[in-house]
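Before any comments, here is the structure.
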Amino acid sequence: MTEIHSITVDRMVPVPMRDGAVLRADVYRPAGQRCPALLFRTPYDRTGLGMYGTFAMRAASAGYAVLFQDTRGRGASGGTFTPFVHELEDGYDTIDWVAGQSWCDGGVGMFGGSYDGVTQWQAAMSGHPALKAIAPNVTAADYHHGWVYRGGAFQLGFSLGWTLSLAAHNAARDTNFASIRGGITDALDDLPGSALRLPLHDHPYLDRVAPYYREWLEHPAYDAYWERLDVSRAHPDIDVAAFNMGGWYDTFLVGTLANFTGLREHGRDPVRSRQRLLVGPWPHEGLFSGNPVGEWNFGGRSTGPAIDADGLQLRWFDTWLRDADTGMAGEPPVLLYTMGASEWRVAESWPLPGTEFQDWYLHSRGRANTLDGDGTLRRDKPDGQPPDTYLYNPRNPVPTRGGALCCNSVHSRAGVFDQRPIEAREDVLVYTSEPLTEPLEVTGPVSVVLHASTSAPDTDWTAKLVDVEPCGYARNLTDGIIRASYRYSTREPSPVTPGDVVEYRIDLGATSNVFLPGHRIRLEVSSSNFPHFDRNPNTGEPAGRSDRVASALQTVHHDGPYLSRVELPVVPEGAATPYKRES
């Protein structure tokens, strides 16, 4: 790797778009050299550099031109910001401009996380031939399922908080919005109160500053609005090497895994072999997360610097932009941190080779309510057991306590938190295994098959996987939700008939955790996780437009033909091997 010590900085460089808009960028480049370029496109102010500043300077010193660009309508760039919509064309035009500069050798890579990952994948979808490699961190694939919605439910805490944050910035830069700046700030400061407001689309400040928020609510189903933006649909046509990075407690983990597996399964040769995956025990801050994660300390070996994540990215770009023999192309493509075992491991695929999906069945004598109830989780099938019931009242929803959240450190703290306060509620069913006598590694996608009935024409079902310490501490691993009306398809809602027993499949995302001897496996089942997800009003009305709510009697069946269960991806010893950091 060539070390360069003299760097030229060009600020406020204009980059013209095809429609006449001018976007601004700062360029950090080795003085007097032609070199490959690394592009960072962000709506969060290019001048801050922030978490990516260290990597950018390291890359520039290693002989890359590094560009930080404000996306359309943000920072110093012209135009109007609408999430997702312009990033494909603007990404293409920016790459075209970069590749044509005298200081660029014609090769371009991209890096960054969250929305900065959106700009990478949209640019990859544009098909510009100069884009050879990307390194998207903590970002999504399908902006319907995994960004704005999940399982048919609106990701309210994130969508509202993120939109209010962007709106506050837009209002500050536009004098036309001076009269509502204070209202936006107040709504952001009181995010829980803002989330309680009904109907959901009734946010007059956002209608003026961020009209796309109402558009999201007006498109609860996966339709043409979302389809044109969906990265997963373009996997067969994308022609870039992608280093996907994510966190077990990141809200976009589903998308990180989907982009890796999608390109590996559906990409063209040789693109399939040019995909890499890195997942740590991190929240949305990803590679830059320290400890604790929530209230849990995974130790110094769990962080991005511990594995030199910046160095891994530089080796990645050296491989595909400089044709350097870094050895990376021949390494196992999957690098994961396994909780419980507290170590980094490498594997040849995701899910891991030899994964066995084990069924763990729900058992009870009809009183699984609270952690003091009689709910158990066992490998054998139940026989002759009554169902469990609870009342779901949207006026008193089950509160969110940690998990895969973003992006408010006050009102939606991500990560690990003791779930016993949640499990003390009567509207939470708790099923717990006996203490394990041997370690059990669960690494991969987790799902719950629930046979349930409701008194409402529509409702929600939630589930959460928990590792219970010998002392009783209940460490949340992953969770999910399904909106009953979207049980068959996210494209077309199907109301339920009150009283009918229906099979639901709840996607809990994924995890990597060794349940140690003495620990217990626990599953929580309920109907709300607020404000992570919006409250289903139980009325059958479109959730975004309903201004009233009703209680629903919920019944979970686990006997006879109704074998409710959690499907755990159990991996054999040797499916992954300890990671040895390159010196």
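Residue numbers start at 1 in each chain; chains themselves are named A, B, ... in the order of the structure tokens; ligands are numbered from 1 in the order shown.
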Near-region 298-313 of chain A list (10 Å; only C-alpha atoms; drop same-chain fewer than 5 positions) as a CSV table (one decimal) with all heavy atoms, in the first residue's frame:
chain,number,residue,atom,x,y,z
A,52,TYR,N,-16.5,8.9,9.7
A,52,TYR,CA,-15.7,8.4,8.6
A,52,TYR,C,-14.5,9.2,8.3
A,52,TYR,O,-13.8,8.9,7.3
A,52,TYR,CB,-16.6,8.3,7.3
A,52,TYR,CG,-17.7,7.3,7.4
A,52,TYR,CD1,-19.0,7.6,7.8
A,52,TYR,CD2,-17.4,5.9,7.1
A,52,TYR,CE1,-20.0,6.6,8.0
A,52,TYR,CE2,-18.4,5.0,7.2
A,52,TYR,CZ,-19.6,5.3,7.7
A,52,TYR,OH,-20.6,4.3,7.8
A,54,THR,N,-11.6,9.4,10.0
A,54,THR,CA,-10.4,8.7,10.2
A,54,THR,C,-10.1,7.8,8.9
A,54,THR,O,-9.0,7.7,8.4
A,54,THR,CB,-10.4,7.8,11.4
A,54,THR,OG1,-10.6,8.7,12.6
A,54,THR,CG2,-9.1,7.0,11.6
A,55,PHE,N,-11.2,7.1,8.5
A,55,PHE,CA,-11.0,6.2,7.3
A,55,PHE,C,-10.7,7.1,6.1
A,55,PHE,O,-9.8,6.7,5.3
A,55,PHE,CB,-12.3,5.4,7.0
A,55,PHE,CG,-12.2,4.7,5.8
A,55,PHE,CD1,-11.5,3.5,5.6
A,55,PHE,CD2,-12.9,5.2,4.6
A,55,PHE,CE1,-11.4,2.8,4.4
A,55,PHE,CE2,-12.9,4.5,3.4
A,55,PHE,CZ,-12.1,3.3,3.3
A,56,ALA,N,-11.3,8.2,5.9
A,56,ALA,CA,-11.1,9.1,4.8
A,56,ALA,C,-9.6,9.5,4.7
A,56,ALA,O,-9.0,9.5,3.7
A,56,ALA,CB,-12.0,10.3,4.8
A,58,ARG,N,-7.1,8.1,6.2
A,58,ARG,CA,-6.2,6.9,6.0
A,58,ARG,C,-6.2,6.6,4.5
A,58,ARG,O,-5.2,6.2,4.0
A,58,ARG,CB,-6.7,5.8,6.9
A,58,ARG,CG,-5.9,4.6,6.9
A,58,ARG,CD,-6.3,3.6,7.9
A,58,ARG,NE,-5.7,2.3,7.8
A,58,ARG,CZ,-5.9,1.3,8.6
A,58,ARG,NH1,-6.8,1.4,9.7
A,58,ARG,NH2,-5.2,0.1,8.5
A,59,ALA,N,-7.4,6.6,3.9
A,59,ALA,CA,-7.5,6.3,2.5
A,59,ALA,C,-6.7,7.3,1.6
A,59,ALA,O,-6.0,6.9,0.7
A,59,ALA,CB,-8.9,6.2,2.0
A,111,PHE,N,-18.2,4.4,-0.1
A,111,PHE,CA,-18.2,3.9,1.2
A,111,PHE,C,-19.2,4.8,2.0
A,111,PHE,O,-19.7,5.8,1.6
A,111,PHE,CB,-16.8,3.9,1.8
A,111,PHE,CG,-16.3,5.3,2.1
A,111,PHE,CD1,-16.3,5.9,3.3
A,111,PHE,CD2,-15.7,6.0,1.0
A,111,PHE,CE1,-15.8,7.2,3.5
A,111,PHE,CE2,-15.2,7.3,1.2
A,111,PHE,CZ,-15.2,7.9,2.5
A,134,ILE,N,-18.0,-1.2,-3.6
A,134,ILE,CA,-18.7,-0.4,-2.6
A,134,ILE,C,-18.5,-1.1,-1.2
A,134,ILE,O,-18.2,-2.3,-1.2
A,134,ILE,CB,-20.2,-0.2,-2.9
A,134,ILE,CG1,-20.9,-1.6,-3.0
A,134,ILE,CG2,-20.4,0.6,-4.2
A,134,ILE,CD1,-22.4,-1.4,-3.2
A,135,ALA,N,-18.7,-0.3,-0.2
A,135,ALA,CA,-18.6,-0.8,1.2
A,135,ALA,C,-19.7,-0.2,2.0
A,135,ALA,O,-19.5,0.6,2.9
A,135,ALA,CB,-17.2,-0.4,1.8
A,243,PHE,N,-18.8,-5.0,0.0
A,243,PHE,CA,-18.4,-5.4,1.3
A,243,PHE,C,-19.5,-4.9,2.3
A,243,PHE,O,-19.6,-3.7,2.6
A,243,PHE,CB,-17.1,-4.7,1.7
A,243,PHE,CG,-16.4,-5.2,2.9
A,243,PHE,CD1,-15.1,-4.8,3.3
A,243,PHE,CD2,-17.1,-6.0,3.8
A,243,PHE,CE1,-14.5,-5.2,4.4
A,243,PHE,CE2,-16.5,-6.4,5.0
A,243,PHE,CZ,-15.2,-6.0,5.3
A,245,MET,N,-21.6,-4.5,5.7
A,245,MET,CA,-21.3,-4.5,7.1
A,245,MET,C,-22.5,-4.1,7.9
A,245,MET,O,-23.3,-3.3,7.5
A,245,MET,CB,-20.2,-3.4,7.4
A,245,MET,CG,-18.8,-3.8,6.8
A,245,MET,SD,-17.7,-2.5,6.7
A,245,MET,CE,-18.2,-1.6,5.2
A,278,LEU,N,-19.7,-8.6,7.0
A,278,LEU,CA,-19.1,-8.4,8.4
A,278,LEU,C,-20.3,-8.0,9.3
A,278,LEU,O,-20.9,-7.0,9.0
A,278,LEU,CB,-18.0,-7.4,8.3
A,278,LEU,CG,-17.6,-6.7,9.6
A,278,LEU,CD1,-16.9,-7.8,10.5
A,278,LEU,CD2,-16.6,-5.6,9.4
A,279,VAL,N,-20.5,-8.7,10.4
A,279,VAL,CA,-21.6,-8.3,11.3
A,279,VAL,C,-21.0,-8.4,12.7
A,279,VAL,O,-20.5,-9.5,13.1
A,279,VAL,CB,-22.8,-9.2,11.2
A,279,VAL,CG1,-23.9,-8.7,12.1
A,279,VAL,CG2,-23.3,-9.3,9.8
A,280,GLY,N,-21.1,-7.3,13.5
A,280,GLY,CA,-20.7,-7.3,14.9
A,280,GLY,C,-21.8,-7.1,15.8
A,280,GLY,O,-23.0,-6.9,15.4
A,281,PRO,N,-21.6,-7.1,17.1
A,281,PRO,CA,-22.6,-6.9,18.1
A,281,PRO,C,-22.9,-5.5,18.3
A,281,PRO,O,-22.8,-4.9,19.5
A,281,PRO,CB,-22.0,-7.6,19.4
A,281,PRO,CG,-20.6,-7.3,19.2
A,281,PRO,CD,-20.3,-7.3,17.8
A,282,TRP,N,-23.3,-4.8,17.3
A,282,TRP,CA,-23.4,-3.3,17.2
A,282,TRP,C,-24.8,-2.8,17.0
A,282,TRP,O,-25.6,-3.5,16.3
A,282,TRP,CB,-22.5,-2.8,16.1
A,282,TRP,CG,-21.1,-3.3,16.2
A,282,TRP,CD1,-20.3,-3.5,17.3
A,282,TRP,CD2,-20.2,-3.6,15.0
A,282,TRP,NE1,-19.1,-3.9,16.9
A,282,TRP,CE2,-19.0,-4.0,15.6
A,282,TRP,CE3,-20.4,-3.6,13.7
A,282,TRP,CZ2,-17.9,-4.5,14.7
A,282,TRP,CZ3,-19.4,-4.0,12.8
A,282,TRP,CH2,-18.1,-4.4,13.4
A,286,GLY,N,-22.7,1.0,14.1
A,286,GLY,CA,-21.9,0.0,13.4
A,286,GLY,C,-20.5,-0.1,13.8
A,286,GLY,O,-20.2,-0.3,15.0
A,287,LEU,N,-19.6,0.0,12.8
A,287,LEU,CA,-18.2,-0.1,13.0
A,287,LEU,C,-17.6,0.8,14.1
A,287,LEU,O,-16.6,0.5,14.7
A,287,LEU,CB,-17.4,0.2,11.8
A,287,LEU,CG,-17.8,-0.5,10.5
A,287,LEU,CD1,-17.0,0.0,9.3
A,287,LEU,CD2,-17.6,-2.0,10.6
A,288,PHE,N,-18.3,1.9,14.4
A,288,PHE,CA,-17.8,2.9,15.3
A,288,PHE,C,-18.4,2.8,16.7
A,288,PHE,O,-18.1,3.6,17.6
A,288,PHE,CB,-18.1,4.3,14.7
A,288,PHE,CG,-17.8,4.4,13.3
A,288,PHE,CD1,-18.7,4.3,12.3
A,288,PHE,CD2,-16.4,4.6,12.9
A,288,PHE,CE1,-18.4,4.4,10.9
A,288,PHE,CE2,-16.1,4.7,11.5
A,288,PHE,CZ,-17.1,4.6,10.6
A,289,SER,N,-19.1,1.7,16.9
A,289,SER,CA,-19.8,1.5,18.2
A,289,SER,C,-18.7,1.1,19.2
A,289,SER,O,-17.8,0.3,19.0
A,289,SER,CB,-20.8,0.4,18.1
A,289,SER,OG,-21.8,0.8,17.2
A,290,GLY,N,-18.8,1.6,20.4
A,290,GLY,CA,-18.1,1.2,21.5
A,290,GLY,C,-18.9,0.3,22.4
A,290,GLY,O,-19.9,-0.3,22.0
A,291,ASN,N,-18.6,0.3,23.7
A,291,ASN,CA,-19.4,-0.4,24.7
A,291,ASN,C,-19.8,0.6,25.8
A,291,ASN,O,-19.1,1.6,26.0
A,291,ASN,CB,-18.5,-1.5,25.3
A,291,ASN,CG,-18.5,-2.7,24.4
A,291,ASN,OD1,-19.6,-3.4,24.2
A,291,ASN,ND2,-17.4,-3.1,23.8
A,292,PRO,N,-20.9,0.4,26.5
A,292,PRO,CA,-21.8,-0.7,26.3
A,292,PRO,C,-22.7,-0.5,25.1
A,292,PRO,O,-22.8,0.6,24.5
A,292,PRO,CB,-22.6,-0.7,27.6
A,292,PRO,CG,-22.6,0.8,28.0
A,292,PRO,CD,-21.3,1.3,27.6
A,293,VAL,N,-23.3,-1.6,24.7
A,293,VAL,CA,-24.3,-1.6,23.6
A,293,VAL,C,-25.7,-1.8,24.3
A,293,VAL,O,-26.1,-2.8,24.7
A,293,VAL,CB,-24.1,-2.8,22.6
A,293,VAL,CG1,-25.2,-2.8,21.6
A,293,VAL,CG2,-22.7,-2.7,22.0
A,318,ASP,N,-8.3,-1.9,-2.4
A,318,ASP,CA,-7.1,-2.2,-3.1
A,318,ASP,C,-7.3,-3.4,-4.0
A,318,ASP,O,-6.7,-3.5,-5.1
A,318,ASP,CB,-6.0,-2.5,-2.1
A,318,ASP,CG,-5.4,-1.3,-1.4
A,318,ASP,OD1,-5.6,-0.2,-1.9
A,318,ASP,OD2,-4.6,-1.5,-0.4
A,319,THR,N,-8.1,-4.4,-3.6
A,319,THR,CA,-8.3,-5.6,-4.4
A,319,THR,C,-9.0,-5.3,-5.7
A,319,THR,O,-8.7,-5.7,-6.7
A,319,THR,CB,-9.2,-6.6,-3.5
A,319,THR,OG1,-8.5,-6.9,-2.3
A,319,THR,CG2,-9.4,-7.9,-4.3
A,328,MET,N,-7.4,-11.0,-0.1
A,328,MET,CA,-8.8,-10.9,0.4
A,328,MET,C,-9.8,-11.7,-0.4
A,328,MET,O,-10.8,-12.3,0.1
A,328,MET,CB,-9.2,-9.5,0.4
A,328,MET,CG,-10.3,-9.2,1.4
A,328,MET,SD,-10.6,-7.4,1.7
A,328,MET,CE,-11.5,-7.4,3.2
A,337,TYR,N,-19.3,-11.8,14.6
A,337,TYR,CA,-19.0,-11.8,16.1
A,337,TYR,C,-20.1,-12.6,16.7
A,337,TYR,O,-21.3,-12.3,16.5
A,337,TYR,CB,-19.0,-10.4,16.7
A,337,TYR,CG,-18.6,-10.5,18.2
A,337,TYR,CD1,-17.3,-10.4,18.6
A,337,TYR,CD2,-19.6,-10.5,19.1
A,337,TYR,CE1,-16.9,-10.4,19.9
A,337,TYR,CE2,-19.3,-10.6,20.5
A,337,TYR,CZ,-17.9,-10.5,20.9
A,337,TYR,OH,-17.6,-10.6,22.2
A,338,THR,N,-19.8,-13.7,17.4
A,338,THR,CA,-20.7,-14.6,18.0
A,338,THR,C,-20.8,-14.3,19.5
A,338,THR,O,-19.9,-14.4,20.2
A,338,THR,CB,-20.4,-16.1,17.8
A,338,THR,OG1,-20.3,-16.4,16.4
A,338,THR,CG2,-21.4,-17.0,18.5
A,339,MET,N,-22.0,-13.8,19.9
A,339,MET,CA,-22.2,-13.4,21.3
A,339,MET,C,-22.3,-14.7,22.1
A,339,MET,O,-22.6,-15.7,21.6
A,339,MET,CB,-23.5,-12.6,21.4
A,339,MET,CG,-23.5,-11.3,20.6
A,339,MET,SD,-25.0,-10.3,20.6
A,339,MET,CE,-26.0,-11.3,19.5
A,340,GLY,N,-22.1,-14.6,23.4
A,340,GLY,CA,-22.0,-15.7,24.2
A,340,GLY,C,-20.6,-16.4,24.2
A,340,GLY,O,-20.0,-16.6,25.2
A,342,SER,N,-18.3,-14.9,22.6
A,342,SER,CA,-17.4,-13.7,22.6
A,342,SER,C,-16.2,-13.8,21.7
A,342,SER,O,-15.1,-13.5,22.2
A,342,SER,CB,-17.0,-13.4,24.1
A,342,SER,OG,-18.1,-13.3,24.9
A,343,GLU,N,-16.4,-14.1,20.5
A,343,GLU,CA,-15.3,-14.2,19.6
A,343,GLU,C,-15.8,-14.0,18.1
A,343,GLU,O,-16.9,-14.2,17.8
A,343,GLU,CB,-14.6,-15.6,19.6
A,343,GLU,CG,-15.4,-16.8,19.1
A,343,GLU,CD,-14.6,-18.1,19.2
A,343,GLU,OE1,-13.4,-18.0,19.6
A,343,GLU,OE2,-15.1,-19.1,18.8
A,344,TRP,N,-14.8,-13.5,17.3
A,344,TRP,CA,-15.0,-13.3,15.9
A,344,TRP,C,-14.8,-14.6,15.2
A,344,TRP,O,-13.8,-15.4,15.5
A,344,TRP,CB,-14.1,-12.3,15.3
A,344,TRP,CG,-14.4,-10.9,15.8
A,344,TRP,CD1,-13.9,-10.2,16.8
A,344,TRP,CD2,-15.4,-10.0,15.2
A,344,TRP,NE1,-14.5,-8.9,16.9
A,344,TRP,CE2,-15.4,-8.8,15.9
A,344,TRP,CE3,-16.3,-10.1,14.1
A,344,TRP,CZ2,-16.2,-7.7,15.6
A,344,TRP,CZ3,-17.1,-9.1,13.8
A,344,TRP,CH2,-17.1,-7.9,14.5
A,579,TYR,N,-11.5,-16.2,13.9
A,579,TYR,CA,-10.9,-15.2,12.9
A,579,TYR,C,-9.5,-14.8,13.4
A,579,TYR,O,-9.3,-14.5,14.6
A,579,TYR,CB,-11.7,-14.0,12.8
A,579,TYR,CG,-11.1,-12.8,12.1
A,579,TYR,CD1,-10.8,-12.9,10.7
A,579,TYR,CD2,-10.8,-11.6,12.7
A,579,TYR,CE1,-10.3,-11.8,10.0
A,579,TYR,CE2,-10.2,-10.6,12.1
A,579,TYR,CZ,-10.0,-10.7,10.7
A,579,TYR,OH,-9.4,-9.6,10.0
A,580,LYS,N,-8.5,-14.9,12.5
A,580,LYS,CA,-7.2,-14.4,12.8
A,580,LYS,C,-6.9,-13.1,12.0
A,580,LYS,O,-6.9,-13.1,10.8
A,580,LYS,CB,-6.2,-15.5,12.4
A,580,LYS,CG,-6.3,-16.8,13.1
A,580,LYS,CD,-5.3,-17.8,12.7
A,580,LYS,CE,-5.4,-19.1,13.5
A,580,LYS,NZ,-4.4,-20.2,13.1
A,581,ARG,N,-6.8,-12.1,12.8
A,581,ARG,CA,-6.6,-10.8,12.1
A,581,ARG,C,-5.3,-10.7,11.4
A,581,ARG,O,-4.2,-11.2,11.8
A,581,ARG,CB,-6.6,-9.7,13.2
A,581,ARG,CG,-6.3,-8.3,12.7
A,581,ARG,CD,-6.4,-7.2,13.8
A,581,ARG,NE,-5.8,-6.0,13.4
A,581,ARG,CZ,-5.9,-4.9,14.1
A,581,ARG,NH1,-6.6,-4.9,15.3
A,581,ARG,NH2,-5.3,-3.8,13.7
A,582,GLU,N,-5.3,-10.1,10.2
A,582,GLU,CA,-4.1,-9.9,9.4
A,582,GLU,C,-3.2,-8.9,10.0
A,582,GLU,O,-3.7,-7.9,10.6
A,582,GLU,CB,-4.5,-9.4,8.0
A,582,GLU,CG,-5.2,-10.4,7.1
A,582,GLU,CD,-4.3,-11.5,6.6
A,582,GLU,OE1,-3.1,-11.2,6.4
A,582,GLU,OE2,-4.8,-12.7,6.5
A,583,SER,N,-2.0,-9.2,10.0
A,583,SER,CA,-1.0,-8.3,10.7
A,583,SER,C,-0.7,-7.1,9.7
A,583,SER,O,-0.9,-7.2,8.5
A,583,SER,CB,0.3,-9.0,11.0
A,583,SER,OG,0.9,-9.6,9.9
Fewer than 2 positions away in the same chain doesn't count, so skip those; otherwise give me all residues within 7 Å of Arg365 (chain A), counting only C-alpha atoms, as a list in words. Arg367, Asp374, Gln385 and Pro386 of chain A
Within 9 Å of Ala474 (chain A), counting only C-alpha atoms, which residues qualify if same-chain residues fewer than 5 places away don't, as a list in words? Phe417, Asp418, Gln419, Arg420, Val466, Asp467, Val468, Glu469 and Arg522 of chain A
Okay, now the selection with all heavy atoms, as a PDB file, in the first residue's frame?
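Done, and the output landed in part28.pdb:
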ATOM      1  N   PHE A 417     -31.006  -4.704  26.752  1.00  0.00           N
ATOM      2  CA  PHE A 417     -31.597  -4.244  28.010  1.00  0.00           C
ATOM      3  C   PHE A 417     -32.301  -5.425  28.668  1.00  0.00           C
ATOM      4  O   PHE A 417     -32.829  -6.305  27.972  1.00  0.00           O
ATOM      5  CB  PHE A 417     -32.595  -3.100  27.778  1.00  0.00           C
ATOM      6  CG  PHE A 417     -31.955  -1.808  27.360  1.00  0.00           C
ATOM      7  CD1 PHE A 417     -31.701  -1.541  26.021  1.00  0.00           C
ATOM      8  CD2 PHE A 417     -31.572  -0.864  28.309  1.00  0.00           C
ATOM      9  CE1 PHE A 417     -31.100  -0.368  25.624  1.00  0.00           C
ATOM     10  CE2 PHE A 417     -30.964   0.321  27.929  1.00  0.00           C
ATOM     11  CZ  PHE A 417     -30.726   0.574  26.583  1.00  0.00           C
ATOM     12  N   ASP A 418     -32.313  -5.444  29.965  1.00  0.00           N
ATOM     13  CA  ASP A 418     -33.009  -6.496  30.705  1.00  0.00           C
ATOM     14  C   ASP A 418     -34.497  -6.433  30.373  1.00  0.00           C
ATOM     15  O   ASP A 418     -35.149  -5.402  30.567  1.00  0.00           O
ATOM     16  CB  ASP A 418     -32.778  -6.289  32.203  1.00  0.00           C
ATOM     17  CG  ASP A 418     -33.249  -7.460  33.045  1.00  0.00           C
ATOM     18  OD1 ASP A 418     -33.916  -8.363  32.504  1.00  0.00           O
ATOM     19  OD2 ASP A 418     -32.950  -7.470  34.257  1.00  0.00           O
ATOM     20  N   GLN A 419     -35.040  -7.533  29.875  1.00  0.00           N
ATOM     21  CA  GLN A 419     -36.426  -7.560  29.423  1.00  0.00           C
ATOM     22  C   GLN A 419     -37.422  -7.932  30.517  1.00  0.00           C
ATOM     23  O   GLN A 419     -38.630  -8.003  30.254  1.00  0.00           O
ATOM     24  CB  GLN A 419     -36.567  -8.540  28.250  1.00  0.00           C
ATOM     25  CG  GLN A 419     -35.735  -8.156  27.033  1.00  0.00           C
ATOM     26  CD  GLN A 419     -36.072  -6.775  26.500  1.00  0.00           C
ATOM     27  OE1 GLN A 419     -37.231  -6.494  26.195  1.00  0.00           O
ATOM     28  NE2 GLN A 419     -35.060  -5.908  26.391  1.00  0.00           N
ATOM     29  N   ARG A 420     -36.955  -8.159  31.726  1.00  0.00           N
ATOM     30  CA  ARG A 420     -37.893  -8.570  32.781  1.00  0.00           C
ATOM     31  C   ARG A 420     -38.985  -7.541  33.063  1.00  0.00           C
ATOM     32  O   ARG A 420     -40.127  -7.936  33.357  1.00  0.00           O
ATOM     33  CB  ARG A 420     -37.120  -8.934  34.051  1.00  0.00           C
ATOM     34  CG  ARG A 420     -36.429 -10.297  33.942  1.00  0.00           C
ATOM     35  CD  ARG A 420     -35.609 -10.637  35.170  1.00  0.00           C
ATOM     36  NE  ARG A 420     -34.436  -9.769  35.284  1.00  0.00           N
ATOM     37  CZ  ARG A 420     -33.506  -9.910  36.237  1.00  0.00           C
ATOM     38  NH1 ARG A 420     -33.626 -10.869  37.140  1.00  0.00           N
ATOM     39  NH2 ARG A 420     -32.462  -9.096  36.265  1.00  0.00           N
ATOM     40  N   VAL A 466     -34.883 -14.246  23.542  1.00  0.00           N
ATOM     41  CA  VAL A 466     -34.152 -13.744  24.714  1.00  0.00           C
ATOM     42  C   VAL A 466     -33.233 -14.832  25.250  1.00  0.00           C
ATOM     43  O   VAL A 466     -33.596 -16.014  25.284  1.00  0.00           O
ATOM     44  CB  VAL A 466     -35.143 -13.293  25.813  1.00  0.00           C
ATOM     45  CG1 VAL A 466     -34.424 -12.807  27.052  1.00  0.00           C
ATOM     46  CG2 VAL A 466     -36.079 -12.210  25.275  1.00  0.00           C
ATOM     47  N   ASP A 467     -32.029 -14.436  25.685  1.00  0.00           N
ATOM     48  CA  ASP A 467     -31.079 -15.320  26.364  1.00  0.00           C
ATOM     49  C   ASP A 467     -31.142 -14.980  27.844  1.00  0.00           C
ATOM     50  O   ASP A 467     -30.808 -13.858  28.251  1.00  0.00           O
ATOM     51  CB  ASP A 467     -29.670 -15.096  25.810  1.00  0.00           C
ATOM     52  CG  ASP A 467     -28.626 -16.042  26.400  1.00  0.00           C
ATOM     53  OD1 ASP A 467     -28.877 -16.626  27.474  1.00  0.00           O
ATOM     54  OD2 ASP A 467     -27.544 -16.174  25.795  1.00  0.00           O
ATOM     55  N   VAL A 468     -31.574 -15.946  28.660  1.00  0.00           N
ATOM     56  CA  VAL A 468     -31.751 -15.712  30.094  1.00  0.00           C
ATOM     57  C   VAL A 468     -30.517 -16.207  30.846  1.00  0.00           C
ATOM     58  O   VAL A 468     -30.183 -17.397  30.805  1.00  0.00           O
ATOM     59  CB  VAL A 468     -33.011 -16.409  30.621  1.00  0.00           C
ATOM     60  CG1 VAL A 468     -33.216 -16.076  32.097  1.00  0.00           C
ATOM     61  CG2 VAL A 468     -34.233 -15.992  29.803  1.00  0.00           C
ATOM     62  N   GLU A 469     -29.843 -15.296  31.522  1.00  0.00           N
ATOM     63  CA  GLU A 469     -28.664 -15.627  32.312  1.00  0.00           C
ATOM     64  C   GLU A 469     -29.074 -16.442  33.548  1.00  0.00           C
ATOM     65  O   GLU A 469     -30.236 -16.381  33.999  1.00  0.00           O
ATOM     66  CB  GLU A 469     -27.966 -14.343  32.765  1.00  0.00           C
ATOM     67  CG  GLU A 469     -27.528 -13.429  31.643  1.00  0.00           C
ATOM     68  CD  GLU A 469     -26.187 -13.843  31.083  1.00  0.00           C
ATOM     69  OE1 GLU A 469     -25.332 -14.343  31.854  1.00  0.00           O
ATOM     70  OE2 GLU A 469     -25.981 -13.661  29.872  1.00  0.00           O
ATOM     71  N   ARG A 522     -35.651 -18.086  25.829  1.00  0.00           N
ATOM     72  CA  ARG A 522     -36.978 -17.524  26.124  1.00  0.00           C
ATOM     73  C   ARG A 522     -37.562 -16.879  24.878  1.00  0.00           C
ATOM     74  O   ARG A 522     -36.856 -16.261  24.081  1.00  0.00           O
ATOM     75  CB  ARG A 522     -36.880 -16.491  27.252  1.00  0.00           C
ATOM     76  CG  ARG A 522     -38.206 -15.781  27.577  1.00  0.00           C
ATOM     77  CD  ARG A 522     -38.083 -14.949  28.835  1.00  0.00           C
ATOM     78  NE  ARG A 522     -37.943 -15.817  30.010  1.00  0.00           N
ATOM     79  CZ  ARG A 522     -37.561 -15.385  31.209  1.00  0.00           C
ATOM     80  NH1 ARG A 522     -37.258 -14.108  31.393  1.00  0.00           N
ATOM     81  NH2 ARG A 522     -37.482 -16.238  32.218  1.00  0.00           N
TER      82      ARG A 522
END
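With distances restricted to only C-alpha atoms, A:Gly157 is the closest residue to Gly193 (chain A) from A:Gly100, A:Gly157, A:Gly354, A:Gly20.
For Gln358 (chain A), the list of residues within 8 Å, based on only C-alpha atoms and with local chain neighbours fewer than 4 positions off taken out, reads Glu567, Leu568, Pro569 and Val570 of chain A.
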Take the selection from the previous step and output its residues with all heavy atoms, as a compact mmCIF listing (two decimals), in the first residue's frame.
# COMPACT_ATOMS: atom_id res chain seq x y z
N GLU A 567 -38.39 -21.25 15.35
CA GLU A 567 -37.46 -22.02 14.55
C GLU A 567 -36.06 -21.42 14.73
O GLU A 567 -35.80 -20.30 14.28
CB GLU A 567 -37.86 -22.01 13.07
CG GLU A 567 -39.23 -22.67 12.84
CD GLU A 567 -39.68 -22.58 11.39
OE1 GLU A 567 -39.05 -21.82 10.61
OE2 GLU A 567 -40.66 -23.25 11.04
N LEU A 568 -35.18 -22.17 15.39
CA LEU A 568 -33.85 -21.69 15.72
C LEU A 568 -32.81 -22.28 14.78
O LEU A 568 -32.76 -23.50 14.59
CB LEU A 568 -33.48 -22.04 17.16
CG LEU A 568 -34.37 -21.45 18.26
CD1 LEU A 568 -33.88 -21.90 19.62
CD2 LEU A 568 -34.38 -19.93 18.17
N PRO A 569 -31.95 -21.44 14.19
CA PRO A 569 -30.87 -21.93 13.31
C PRO A 569 -29.69 -22.41 14.16
O PRO A 569 -28.84 -21.62 14.56
CB PRO A 569 -30.52 -20.71 12.48
CG PRO A 569 -30.83 -19.55 13.38
CD PRO A 569 -31.99 -19.98 14.25
N VAL A 570 -29.63 -23.70 14.41
CA VAL A 570 -28.58 -24.28 15.25
C VAL A 570 -27.45 -24.75 14.35
O VAL A 570 -27.68 -25.47 13.36
CB VAL A 570 -29.13 -25.44 16.09
CG1 VAL A 570 -28.02 -26.10 16.90
CG2 VAL A 570 -30.24 -24.92 17.02
